[in-house]
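K.L.:
I'm passing along structure17.pdb; it holds PDB, C-alpha atoms and all ligand atoms.
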```
ATOM      1  CA  MET V 913     -48.852  24.301 -26.876  1.00  0.00           C
ATOM      2  CA  LYS V 914     -49.170  23.790 -23.157  1.00  0.00           C
ATOM      3  CA  VAL V 915     -52.278  24.984 -21.302  1.00  0.00           C
ATOM      4  CA  HIS V 916     -52.059  26.013 -17.642  1.00  0.00           C
ATOM      5  CA  HIS V 917     -55.243  26.520 -15.625  1.00  0.00           C
ATOM      6  CA  LEU V 918     -54.438  29.205 -13.037  1.00  0.00           C
ATOM      7  CA  ASN V 919     -56.562  30.442 -10.180  1.00  0.00           C
ATOM      8  CA  CYS V 920     -55.643  34.129  -9.952  1.00  0.00           C
ATOM      9  CA  GLY V 921     -57.842  35.206  -7.066  1.00  0.00           C
ATOM     10  CA  ILE V 922     -60.600  34.314  -4.637  1.00  0.00           C
ATOM     11  CA  LEU V 923     -63.975  35.974  -4.078  1.00  0.00           C
ATOM     12  CA  HIS V 924     -65.943  34.922  -1.035  1.00  0.00           C
ATOM     13  CA  VAL V 925     -69.176  36.229   0.441  1.00  0.00           C
ATOM     14  CA  PRO V 926     -70.120  33.868   3.279  1.00  0.00           C
ATOM     15  CA  PRO V 927     -72.192  31.761   3.519  1.00  0.00           C
ATOM     16  CA  GLY V 928     -71.822  31.303  -0.248  1.00  0.00           C
ATOM     17  CA  PRO V 929     -69.099  29.163  -1.798  1.00  0.00           C
ATOM     18  CA  ARG V 930     -65.662  30.561  -2.643  1.00  0.00           C
ATOM     19  CA  ALA V 931     -65.483  31.768  -6.226  1.00  0.00           C
ATOM     20  CA  ALA V 932     -62.370  31.327  -8.363  1.00  0.00           C
ATOM     21  CA  CYS V 933     -60.662  33.596 -10.875  1.00  0.00           C
ATOM     22  CA  HIS V 934     -59.981  30.891 -13.462  1.00  0.00           C
ATOM     23  CA  CYS V 935     -57.464  32.218 -15.977  1.00  0.00           C
ATOM     24  CA  LEU V 936     -55.782  30.298 -18.772  1.00  0.00           C
ATOM     25  CA  LEU V 937     -52.108  30.611 -19.547  1.00  0.00           C
ATOM     26  CA  LEU V 938     -51.089  29.347 -22.983  1.00  0.00           C
ATOM     27  CA  GLU V 939     -47.421  28.477 -23.394  1.00  0.00           C
ATOM     28  CA  HIS V 940     -46.006  27.992 -26.874  1.00  0.00           C
ATOM     29  CA  ASP V 941     -42.476  28.372 -28.234  1.00  0.00           C
ATOM     30  CA  GLY V 942     -41.262  30.382 -25.256  1.00  0.00           C
ATOM     31  CA  ARG V 943     -44.137  32.855 -25.452  1.00  0.00           C
ATOM     32  CA  LEU V 944     -47.156  33.191 -23.204  1.00  0.00           C
ATOM     33  CA  ALA V 945     -50.738  34.332 -23.695  1.00  0.00           C
ATOM     34  CA  LEU V 946     -53.101  34.922 -20.785  1.00  0.00           C
ATOM     35  CA  ILE V 947     -56.895  34.731 -20.876  1.00  0.00           C
ATOM     36  CA  ASP V 948     -58.303  37.056 -18.214  1.00  0.00           C
ATOM     37  CA  THR V 949     -55.953  38.309 -15.525  1.00  0.00           C
ATOM     38  CA  GLY V 950     -57.521  37.941 -12.085  1.00  0.00           C
ATOM     39  CA  ILE V 951     -56.592  40.107  -9.131  1.00  0.00           C
ATOM     40  CA  GLY V 952     -53.256  41.845  -9.713  1.00  0.00           C
ATOM     41  CA  LEU V 953     -50.336  43.091  -7.631  1.00  0.00           C
ATOM     42  CA  GLN V 954     -51.599  46.665  -7.593  1.00  0.00           C
ATOM     43  CA  ASP V 955     -55.022  45.484  -6.400  1.00  0.00           C
ATOM     44  CA  VAL V 956     -53.269  43.654  -3.561  1.00  0.00           C
ATOM     45  CA  ALA V 957     -51.218  46.760  -2.702  1.00  0.00           C
ATOM     46  CA  ARG V 958     -53.992  49.379  -2.980  1.00  0.00           C
ATOM     47  CA  PRO V 959     -57.332  47.575  -3.051  1.00  0.00           C
ATOM     48  CA  VAL V 960     -59.642  50.418  -2.018  1.00  0.00           C
ATOM     49  CA  GLU V 961     -58.102  52.908  -4.433  1.00  0.00           C
ATOM     50  CA  ARG V 962     -58.207  50.404  -7.299  1.00  0.00           C
ATOM     51  CA  ILE V 963     -61.536  48.659  -6.757  1.00  0.00           C
ATOM     52  CA  GLY V 964     -63.476  50.572  -4.099  1.00  0.00           C
ATOM     53  CA  GLN V 965     -64.665  49.299  -0.715  1.00  0.00           C
ATOM     54  CA  ALA V 966     -68.274  48.795  -1.814  1.00  0.00           C
ATOM     55  CA  VAL V 967     -67.292  46.454  -4.663  1.00  0.00           C
ATOM     56  CA  ILE V 968     -64.717  44.666  -2.486  1.00  0.00           C
ATOM     57  CA  ASP V 969     -67.410  43.959   0.111  1.00  0.00           C
ATOM     58  CA  ALA V 970     -70.189  43.088  -2.330  1.00  0.00           C
ATOM     59  CA  ALA V 971     -68.093  40.593  -4.305  1.00  0.00           C
ATOM     60  CA  GLY V 972     -65.952  39.384  -1.383  1.00  0.00           C
ATOM     61  CA  PHE V 973     -62.571  40.151  -2.916  1.00  0.00           C
ATOM     62  CA  GLN V 974     -59.600  38.515  -1.175  1.00  0.00           C
ATOM     63  CA  PHE V 975     -56.084  39.725  -1.823  1.00  0.00           C
ATOM     64  CA  HIS V 976     -53.264  37.191  -2.082  1.00  0.00           C
ATOM     65  CA  GLU V 977     -50.033  38.185  -3.831  1.00  0.00           C
ATOM     66  CA  SER V 978     -49.089  34.542  -4.394  1.00  0.00           C
ATOM     67  CA  LEU V 979     -52.235  34.021  -6.515  1.00  0.00           C
ATOM     68  CA  THR V 980     -51.568  36.918  -8.902  1.00  0.00           C
ATOM     69  CA  ALA V 981     -50.953  35.865 -12.488  1.00  0.00           C
ATOM     70  CA  VAL V 982     -47.545  37.538 -12.589  1.00  0.00           C
ATOM     71  CA  ARG V 983     -46.293  35.624  -9.529  1.00  0.00           C
ATOM     72  CA  GLN V 984     -47.578  32.356 -11.024  1.00  0.00           C
ATOM     73  CA  VAL V 985     -45.875  33.168 -14.349  1.00  0.00           C
ATOM     74  CA  GLU V 986     -42.638  33.746 -12.438  1.00  0.00           C
ATOM     75  CA  ARG V 987     -43.006  30.445 -10.585  1.00  0.00           C
ATOM     76  CA  LEU V 988     -43.179  28.745 -13.986  1.00  0.00           C
ATOM     77  CA  GLY V 989     -39.764  30.229 -14.766  1.00  0.00           C
ATOM     78  CA  TYR V 990     -40.933  33.094 -16.995  1.00  0.00           C
ATOM     79  CA  ARG V 991     -40.852  36.871 -16.717  1.00  0.00           C
ATOM     80  CA  ALA V 992     -43.828  39.213 -17.027  1.00  0.00           C
ATOM     81  CA  ALA V 993     -42.497  40.401 -20.403  1.00  0.00           C
ATOM     82  CA  ASP V 994     -42.884  36.868 -21.792  1.00  0.00           C
ATOM     83  CA  VAL V 995     -46.669  37.403 -21.678  1.00  0.00           C
ATOM     84  CA  THR V 996     -47.085  39.005 -25.091  1.00  0.00           C
ATOM     85  CA  ASP V 997     -50.858  38.731 -25.397  1.00  0.00           C
ATOM     86  CA  ILE V 998     -53.828  38.972 -23.048  1.00  0.00           C
ATOM     87  CA  VAL V 999     -57.442  38.257 -23.976  1.00  0.00           C
ATOM     88  CA  LEU V1000     -60.220  39.734 -21.836  1.00  0.00           C
ATOM     89  CA  THR V1001     -63.657  38.159 -21.661  1.00  0.00           C
ATOM     90  CA  HIS V1002     -64.848  41.516 -20.300  1.00  0.00           C
ATOM     91  CA  GLY V1003     -63.734  44.424 -18.155  1.00  0.00           C
ATOM     92  CA  ASP V1004     -65.098  43.692 -14.666  1.00  0.00           C
ATOM     93  CA  PRO V1005     -62.650  44.415 -11.803  1.00  0.00           C
ATOM     94  CA  ASP V1006     -62.089  40.756 -10.873  1.00  0.00           C
ATOM     95  CA  HIS V1007     -60.992  39.973 -14.450  1.00  0.00           C
ATOM     96  CA  VAL V1008     -58.696  42.873 -15.284  1.00  0.00           C
ATOM     97  CA  GLY V1009     -56.719  43.594 -12.103  1.00  0.00           C
ATOM     98  CA  GLY V1010     -53.631  41.801 -13.406  1.00  0.00           C
ATOM     99  CA  LEU V1011     -53.453  43.831 -16.644  1.00  0.00           C
ATOM    100  CA  ALA V1012     -51.075  46.414 -15.187  1.00  0.00           C
ATOM    101  CA  ASP V1013     -48.598  43.665 -14.257  1.00  0.00           C
ATOM    102  CA  PHE V1014     -48.096  43.015 -18.001  1.00  0.00           C
ATOM    103  CA  PRO V1015     -47.914  46.539 -19.450  1.00  0.00           C
ATOM    104  CA  ALA V1016     -46.167  45.441 -22.658  1.00  0.00           C
ATOM    105  CA  ALA V1017     -48.782  42.873 -23.661  1.00  0.00           C
ATOM    106  CA  ALA V1018     -51.291  43.436 -26.458  1.00  0.00           C
ATOM    107  CA  VAL V1019     -54.766  43.287 -24.881  1.00  0.00           C
ATOM    108  CA  HIS V1020     -57.410  41.696 -27.103  1.00  0.00           C
ATOM    109  CA  VAL V1021     -61.051  42.588 -26.467  1.00  0.00           C
ATOM    110  CA  SER V1022     -64.319  42.902 -28.397  1.00  0.00           C
ATOM    111  CA  ALA V1023     -65.073  46.289 -29.946  1.00  0.00           C
ATOM    112  CA  GLU V1024     -68.348  46.363 -28.010  1.00  0.00           C
ATOM    113  CA  GLU V1025     -66.622  45.845 -24.652  1.00  0.00           C
ATOM    114  CA  LEU V1026     -63.924  48.410 -25.362  1.00  0.00           C
ATOM    115  CA  ALA V1027     -66.540  50.995 -26.363  1.00  0.00           C
ATOM    116  CA  ARG V1028     -68.406  50.361 -23.105  1.00  0.00           C
ATOM    117  CA  LEU V1029     -65.197  50.557 -21.075  1.00  0.00           C
ATOM    118  CA  GLU V1030     -64.175  53.798 -22.697  1.00  0.00           C
ATOM    119  CA  SER V1031     -67.621  55.283 -22.108  1.00  0.00           C
ATOM    120  CA  GLY V1032     -66.733  55.342 -18.417  1.00  0.00           C
ATOM    121  CA  HIS V1033     -69.572  53.017 -17.373  1.00  0.00           C
ATOM    122  CA  GLY V1034     -69.707  52.669 -13.589  1.00  0.00           C
ATOM    123  CA  ARG V1035     -69.229  48.876 -13.390  1.00  0.00           C
ATOM    124  CA  TYR V1036     -65.656  49.261 -14.589  1.00  0.00           C
ATOM    125  CA  SER V1037     -62.829  50.636 -12.458  1.00  0.00           C
ATOM    126  CA  ALA V1038     -60.867  53.325 -14.312  1.00  0.00           C
ATOM    127  CA  ALA V1039     -57.839  52.915 -12.008  1.00  0.00           C
ATOM    128  CA  GLN V1040     -57.268  49.401 -13.368  1.00  0.00           C
ATOM    129  CA  PHE V1041     -56.825  50.831 -16.887  1.00  0.00           C
ATOM    130  CA  ALA V1042     -54.833  53.940 -15.928  1.00  0.00           C
ATOM    131  CA  HIS V1043     -51.618  52.408 -17.306  1.00  0.00           C
ATOM    132  CA  ARG V1044     -53.214  52.561 -20.802  1.00  0.00           C
ATOM    133  CA  PRO V1045     -53.339  48.983 -22.071  1.00  0.00           C
ATOM    134  CA  ARG V1046     -52.257  48.323 -25.653  1.00  0.00           C
ATOM    135  CA  TRP V1047     -55.764  47.540 -26.904  1.00  0.00           C
ATOM    136  CA  VAL V1048     -56.440  45.397 -29.940  1.00  0.00           C
ATOM    137  CA  MET V1049     -60.175  45.394 -30.605  1.00  0.00           C
ATOM    138  CA  TYR V1050     -62.318  43.021 -32.613  1.00  0.00           C
ATOM    139  CA  PRO V1051     -65.441  44.156 -34.471  1.00  0.00           C
ATOM    140  CA  PRO V1052     -68.164  41.735 -35.628  1.00  0.00           C
ATOM    141  CA  SER V1053     -66.934  38.985 -37.947  1.00  0.00           C
ATOM    142  CA  ALA V1054     -68.472  36.766 -40.620  1.00  0.00           C
ATOM    143  CA  ALA V1055     -66.424  33.807 -39.360  1.00  0.00           C
ATOM    144  CA  ARG V1056     -68.245  30.966 -37.623  1.00  0.00           C
ATOM    145  CA  TRP V1057     -67.223  28.369 -35.045  1.00  0.00           C
ATOM    146  CA  PHE V1058     -69.730  25.531 -34.457  1.00  0.00           C
ATOM    147  CA  GLY V1059     -72.286  27.836 -36.081  1.00  0.00           C
ATOM    148  CA  ILE V1060     -71.604  30.710 -33.655  1.00  0.00           C
ATOM    149  CA  GLU V1061     -70.098  34.072 -34.596  1.00  0.00           C
ATOM    150  CA  ALA V1062     -66.361  33.886 -33.881  1.00  0.00           C
ATOM    151  CA  ARG V1063     -63.678  36.521 -34.284  1.00  0.00           C
ATOM    152  CA  PRO V1064     -60.258  35.063 -35.181  1.00  0.00           C
ATOM    153  CA  LEU V1065     -57.631  35.892 -32.543  1.00  0.00           C
ATOM    154  CA  PRO V1066     -53.996  35.992 -33.646  1.00  0.00           C
ATOM    155  CA  LEU V1067     -52.430  35.026 -30.322  1.00  0.00           C
ATOM    156  CA  LEU V1068     -49.393  32.777 -30.515  1.00  0.00           C
ATOM    157  CA  ALA V1069     -48.037  31.528 -33.846  1.00  0.00           C
ATOM    158  CA  GLY V1070     -49.739  28.300 -34.839  1.00  0.00           C
ATOM    159  CA  VAL V1071     -52.394  28.479 -32.108  1.00  0.00           C
ATOM    160  CA  GLU V1072     -55.978  28.634 -33.388  1.00  0.00           C
ATOM    161  CA  ALA V1073     -58.179  30.864 -31.242  1.00  0.00           C
ATOM    162  CA  PHE V1074     -61.409  32.877 -31.463  1.00  0.00           C
ATOM    163  CA  LEU V1075     -63.209  35.523 -29.483  1.00  0.00           C
ATOM    164  CA  VAL V1076     -66.794  34.189 -29.258  1.00  0.00           C
ATOM    165  CA  PRO V1077     -69.486  36.810 -28.505  1.00  0.00           C
ATOM    166  CA  LEU V1078     -71.530  35.734 -25.468  1.00  0.00           C
ATOM    167  CA  PHE V1079     -73.072  39.098 -24.726  1.00  0.00           C
ATOM    168  CA  GLY V1080     -75.306  39.960 -21.807  1.00  0.00           C
ATOM    169  CA  HIS V1081     -73.255  39.831 -18.584  1.00  0.00           C
ATOM    170  CA  THR V1082     -71.702  42.949 -20.089  1.00  0.00           C
ATOM    171  CA  LEU V1083     -72.603  44.395 -23.468  1.00  0.00           C
ATOM    172  CA  GLY V1084     -69.377  43.139 -25.067  1.00  0.00           C
ATOM    173  CA  HIS V1085     -68.735  39.999 -23.000  1.00  0.00           C
ATOM    174  CA  CYS V1086     -67.068  37.190 -25.002  1.00  0.00           C
ATOM    175  CA  GLY V1087     -65.878  33.651 -24.519  1.00  0.00           C
ATOM    176  CA  VAL V1088     -62.476  32.545 -25.796  1.00  0.00           C
ATOM    177  CA  ALA V1089     -62.095  29.356 -27.855  1.00  0.00           C
ATOM    178  CA  VAL V1090     -58.662  27.766 -28.190  1.00  0.00           C
ATOM    179  CA  ARG V1091     -57.823  24.621 -30.118  1.00  0.00           C
ATOM    180  CA  ALA V1092     -55.912  22.138 -27.971  1.00  0.00           C
ATOM    181  CA  GLY V1093     -54.980  19.112 -30.055  1.00  0.00           C
ATOM    182  CA  ASP V1094     -58.115  17.498 -31.494  1.00  0.00           C
ATOM    183  CA  ARG V1095     -60.439  19.298 -29.065  1.00  0.00           C
ATOM    184  CA  TRP V1096     -61.416  22.855 -28.267  1.00  0.00           C
ATOM    185  CA  LEU V1097     -61.375  24.683 -24.974  1.00  0.00           C
ATOM    186  CA  LEU V1098     -64.050  27.340 -24.545  1.00  0.00           C
ATOM    187  CA  HIS V1099     -63.493  29.728 -21.660  1.00  0.00           C
ATOM    188  CA  VAL V1100     -66.992  31.138 -21.188  1.00  0.00           C
ATOM    189  CA  GLY V1101     -65.923  33.907 -18.792  1.00  0.00           C
ATOM    190  CA  ASP V1102     -68.972  34.964 -16.787  1.00  0.00           C
ATOM    191  CA  ALA V1103     -71.545  33.673 -19.303  1.00  0.00           C
ATOM    192  CA  TYR V1104     -72.316  31.396 -16.389  1.00  0.00           C
ATOM    193  CA  TYR V1105     -71.015  31.660 -12.823  1.00  0.00           C
ATOM    194  CA  LEU V1106     -71.475  27.991 -11.961  1.00  0.00           C
ATOM    195  CA  ARG V1107     -71.628  25.004 -14.272  1.00  0.00           C
ATOM    196  CA  VAL V1108     -75.016  24.038 -12.849  1.00  0.00           C
ATOM    197  CA  GLU V1109     -76.470  26.930 -14.900  1.00  0.00           C
ATOM    198  CA  LEU V1110     -75.976  24.776 -17.995  1.00  0.00           C
ATOM    199  CA  THR V1111     -78.766  22.520 -16.751  1.00  0.00           C
ATOM    200  CA  THR V1112     -81.153  24.659 -14.682  1.00  0.00           C
ATOM    201  CA  ASP V1113     -82.483  28.188 -14.178  1.00  0.00           C
ATOM    202  CA  GLU V1114     -83.642  27.281 -10.654  1.00  0.00           C
ATOM    203  CA  HIS V1115     -80.291  27.506  -8.830  1.00  0.00           C
ATOM    204  CA  PRO V1116     -79.985  30.589  -6.561  1.00  0.00           C
ATOM    205  CA  VAL V1117     -76.901  31.725  -8.532  1.00  0.00           C
ATOM    206  CA  SER V1118     -79.199  32.447 -11.496  1.00  0.00           C
ATOM    207  CA  VAL V1119     -80.730  35.322  -9.520  1.00  0.00           C
ATOM    208  CA  LEU V1120     -77.267  36.865  -9.051  1.00  0.00           C
ATOM    209  CA  ALA V1121     -76.426  36.297 -12.720  1.00  0.00           C
ATOM    210  CA  ALA V1122     -79.599  38.104 -13.792  1.00  0.00           C
ATOM    211  CA  GLN V1123     -78.910  40.988 -11.401  1.00  0.00           C
ATOM    212  CA  ARG V1124     -75.352  41.431 -12.653  1.00  0.00           C
ATOM    213  CA  ALA V1125     -76.264  41.313 -16.345  1.00  0.00           C
ATOM    214  CA  ASP V1126     -76.208  44.544 -18.340  1.00  0.00           C
ATOM    215  CA  ASP V1127     -78.698  42.887 -20.719  1.00  0.00           C
ATOM    216  CA  ASP V1128     -80.429  39.881 -19.190  1.00  0.00           C
ATOM    217  CA  GLY V1129     -82.188  38.906 -22.419  1.00  0.00           C
ATOM    218  CA  GLN V1130     -78.825  38.653 -24.150  1.00  0.00           C
ATOM    219  CA  ARG V1131     -77.395  36.761 -21.171  1.00  0.00           C
ATOM    220  CA  ARG V1132     -80.131  34.154 -21.432  1.00  0.00           C
ATOM    221  CA  ALA V1133     -79.625  33.859 -25.191  1.00  0.00           C
ATOM    222  CA  SER V1134     -75.881  33.329 -24.648  1.00  0.00           C
ATOM    223  CA  LEU V1135     -76.594  30.667 -22.034  1.00  0.00           C
ATOM    224  CA  ALA V1136     -78.878  28.919 -24.539  1.00  0.00           C
ATOM    225  CA  VAL V1137     -76.004  28.885 -27.041  1.00  0.00           C
ATOM    226  CA  LEU V1138     -73.724  27.275 -24.442  1.00  0.00           C
ATOM    227  CA  ARG V1139     -76.373  24.700 -23.507  1.00  0.00           C
ATOM    228  CA  ARG V1140     -76.702  23.720 -27.163  1.00  0.00           C
ATOM    229  CA  LEU V1141     -72.924  23.535 -27.553  1.00  0.00           C
ATOM    230  CA  ALA V1142     -72.599  21.321 -24.452  1.00  0.00           C
ATOM    231  CA  ARG V1143     -75.416  19.065 -25.698  1.00  0.00           C
ATOM    232  CA  GLU V1144     -74.380  18.741 -29.338  1.00  0.00           C
ATOM    233  CA  HIS V1145     -70.606  19.123 -29.198  1.00  0.00           C
ATOM    234  CA  GLY V1146     -69.689  18.129 -25.656  1.00  0.00           C
ATOM    235  CA  ALA V1147     -67.163  15.595 -26.948  1.00  0.00           C
ATOM    236  CA  GLU V1148     -65.327  18.198 -29.052  1.00  0.00           C
ATOM    237  CA  VAL V1149     -65.593  21.285 -26.862  1.00  0.00           C
ATOM    238  CA  GLU V1150     -64.642  21.539 -23.203  1.00  0.00           C
ATOM    239  CA  LEU V1151     -66.493  24.420 -21.545  1.00  0.00           C
ATOM    240  CA  PHE V1152     -65.504  26.097 -18.322  1.00  0.00           C
ATOM    241  CA  GLY V1153     -66.144  29.452 -16.692  1.00  0.00           C
ATOM    242  CA  TYR V1154     -64.219  31.873 -14.516  1.00  0.00           C
ATOM    243  CA  HIS V1155     -65.729  31.399 -11.093  1.00  0.00           C
ATOM    244  CA  ASP V1156     -66.519  27.696 -10.523  1.00  0.00           C
ATOM    245  CA  PHE V1157     -63.721  25.924  -8.630  1.00  0.00           C
ATOM    246  CA  ALA V1158     -65.259  22.581  -9.665  1.00  0.00           C
ATOM    247  CA  GLU V1159     -64.207  23.225 -13.264  1.00  0.00           C
ATOM    248  CA  PHE V1160     -60.457  23.105 -12.693  1.00  0.00           C
ATOM    249  CA  PRO V1161     -58.712  19.981 -13.998  1.00  0.00           C
ATOM    250  CA  PRO V1162     -58.480  16.919 -11.753  1.00  0.00           C
ATOM    251  CA  GLY V1163     -55.681  17.323  -9.219  1.00  0.00           C
ATOM    252  CA  PHE V1164     -56.184  21.058  -8.771  1.00  0.00           C
ATOM    253  CA  ALA V1165     -56.284  21.814  -5.044  1.00  0.00           C
ATOM    254  CA  ALA V1166     -59.061  24.344  -4.411  1.00  0.00           C
ATOM    255  CA  PRO V1167     -58.644  26.490  -1.277  1.00  0.00           C
ATOM    256  CA  ALA V1168     -60.276  25.015   1.807  1.00  0.00           C
TER     257      ALA V1168
HETATM  258 ZN    ZN V1201     -66.455  37.795 -12.820  1.00  0.00          ZN
END
```
Here is the file; what I need is its structure written in the form of structure tokens.
P.N.:
Amino acid sequence: MKVHHLNCGILHVPPGPRAACHCLLLEHDGRLALIDTGIGLQDVARPVERIGQAVIDAAGFQFHESLTAVRQVERLGYRAADVTDIVLTHGDPDHVGGLADFPAAAVHVSAEELARLESGHGRYSAAQFAHRPRWVMYPPSAARWFGIEARPLPLLAGVEAFLVPLFGHTLGHCGVAVRAGDRWLLHVGDAYYLRVELTTDEHPVSVLAAQRADDDGQRRASLAVLRRLAREHGAEVELFGYHDFAEFPPGFAAPA
């Protein structure tokens, strides 16, 4: 399996730092699976209708067609239809905009997040789901991964992966664990915004994280789980989140 780290969007509210949309593209046997989808073509074409001006301004959405997941998939020599599976950490607009560019893909999500999405909660943007994704939802599981609840994800044949509940940012927010050789990758989604949150609660970004959490007690508990994982299993598990440009692999050129 080959793992591509893609930046599928930029959010920027000056004077703060630019935030990434760090998606993973897994390539195996001619098939592709995408973890989170960034800002999509339809967002670029009709941003206000899809996301709303207030959210665009508050989060600092930028719209660049070349950064969309589908254009990056094409640059790798694939077609959109080769993306057979998409995993969502959660349903916020900066994570799901690319869904409609892969209408044939199965979309894997926690049962809790799907229930919240389908309840019409205001943080989600209905227009981004109007194409009716092919949902595959995952209820609670007895399986464990490093002692944490983990829901087995059948993505690509022979690829071991789990949806890992890290609730709080949204009520069904999950990380995604993928085995890569003798190590694991854990995409933590928005369980933290910046890696510095693994070591301190004093950074200004923690205030934003608390404000944006649907359940801040759960968010803090999830962060404690990640801190333990980083401390006790840092050699076996590589953690990274969605928004911190510093967490891309060496050689990745972040936008100036
Ligand atoms: Zn986000």
K.L.:
Expressed in Å to a single decimal, how great is the separation between CA of Leu1075 in chain V and CA of Val1088 in chain V?
P.N.:
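Straight-line distance from CA of Leu1075 in chain V to CA of Val1088 in chain V works out to 4.8 Å.
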K.L.:
Using all atoms listed in the file, what are the residues with an atom within 12 Å of ligand ZN 1201 (chain V), set out as an MDAnalysis selection string?
P.N.:
chainID V and resid 920:923 931:935 948:951 967 971:973 1000:1009 1035:1036 1081:1082 1085 1100:1106 1120:1121 1124:1125 1153:1156
K.L.:
Go through V:Asp1013, V:Asp969, V:Glu961, V:Glu1159 and flag the residue nearest Glu986 in chain V, using only C-alpha atoms for the distances.
P.N.:
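Checking each candidate against Glu986 in chain V, we get V:Asp1013 as the closest.
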K.L.:
Could you check the closest approach to His940 in chain V for each of V:Ala1018, V:Val1071, V:Ala1042, V:Ala957 and tell me which residue wins, using all atoms listed in the file?
P.N.:
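The answer is V:Val1071, which sits nearest to His940 in chain V.
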K.L.:
Quick one: everything within 10 Å of Leu1065 in chain V, counting all atoms listed in the file, minus sequence neighbours fewer than 6 positions away in the same chain. Send it as an MDAnalysis selection string.
P.N.:
chainID V and resid 999 1020:1021 1048 1050 1071:1076 1088:1090
K.L.:
Counting only C-alpha atoms, which of V:Leu953, V:Leu944, V:Ser1022, V:Glu977 gets nearest to Gly989 in chain V?
P.N.:
V:Leu944
K.L.:
With N, CA and C atoms as the goal, would you fill in the gaps in range 1044-1056 of chain V and present it as an mmCIF file, keeping the file's coordinate frame?
P.N.:
```
data_model
loop_
_atom_site.group_PDB
_atom_site.id
_atom_site.type_symbol
_atom_site.label_atom_id
_atom_site.label_comp_id
_atom_site.auth_asym_id
_atom_site.auth_seq_id
_atom_site.Cartn_x
_atom_site.Cartn_y
_atom_site.Cartn_z
ATOM 1 N N ARG V 1044 -52.950 52.533 -19.359
ATOM 2 C CA ARG V 1044 -53.214 52.561 -20.802
ATOM 3 C C ARG V 1044 -52.800 51.263 -21.497
ATOM 4 N N PRO V 1045 -53.629 50.258 -21.391
ATOM 5 C CA PRO V 1045 -53.339 48.983 -22.071
ATOM 6 C C PRO V 1045 -53.201 49.178 -23.578
ATOM 7 N N ARG V 1046 -52.414 48.313 -24.193
ATOM 8 C CA ARG V 1046 -52.257 48.323 -25.653
ATOM 9 C C ARG V 1046 -53.410 47.540 -26.265
ATOM 10 N N TRP V 1047 -54.546 48.221 -26.451
ATOM 11 C CA TRP V 1047 -55.764 47.540 -26.904
ATOM 12 C C TRP V 1047 -55.641 47.048 -28.336
ATOM 13 N N VAL V 1048 -56.179 45.876 -28.588
ATOM 14 C CA VAL V 1048 -56.440 45.397 -29.940
ATOM 15 C C VAL V 1048 -57.908 44.994 -29.939
ATOM 16 N N MET V 1049 -58.740 45.676 -30.728
ATOM 17 C CA MET V 1049 -60.175 45.394 -30.605
ATOM 18 C C MET V 1049 -60.716 44.701 -31.840
ATOM 19 N N TYR V 1050 -61.763 43.917 -31.595
ATOM 20 C CA TYR V 1050 -62.318 43.021 -32.613
ATOM 21 C C TYR V 1050 -63.776 43.357 -32.886
ATOM 22 N N PRO V 1051 -64.052 43.889 -34.088
ATOM 23 C CA PRO V 1051 -65.441 44.156 -34.471
ATOM 24 C C PRO V 1051 -66.134 42.862 -34.910
ATOM 25 N N PRO V 1052 -67.440 42.936 -35.178
ATOM 26 C CA PRO V 1052 -68.164 41.735 -35.628
ATOM 27 C C PRO V 1052 -67.488 41.093 -36.835
ATOM 28 N N SER V 1053 -67.629 39.767 -36.926
ATOM 29 C CA SER V 1053 -66.934 38.985 -37.947
ATOM 30 C C SER V 1053 -67.925 38.067 -38.643
ATOM 31 N N ALA V 1054 -67.631 37.726 -39.892
ATOM 32 C CA ALA V 1054 -68.472 36.766 -40.620
ATOM 33 C C ALA V 1054 -68.033 35.340 -40.338
ATOM 34 N N ALA V 1055 -66.927 35.163 -39.635
ATOM 35 C CA ALA V 1055 -66.424 33.807 -39.360
ATOM 36 C C ALA V 1055 -67.369 33.086 -38.396
ATOM 37 N N ARG V 1056 -67.397 31.765 -38.497
ATOM 38 C CA ARG V 1056 -68.245 30.966 -37.623
ATOM 39 C C ARG V 1056 -67.442 29.837 -36.999
#
```
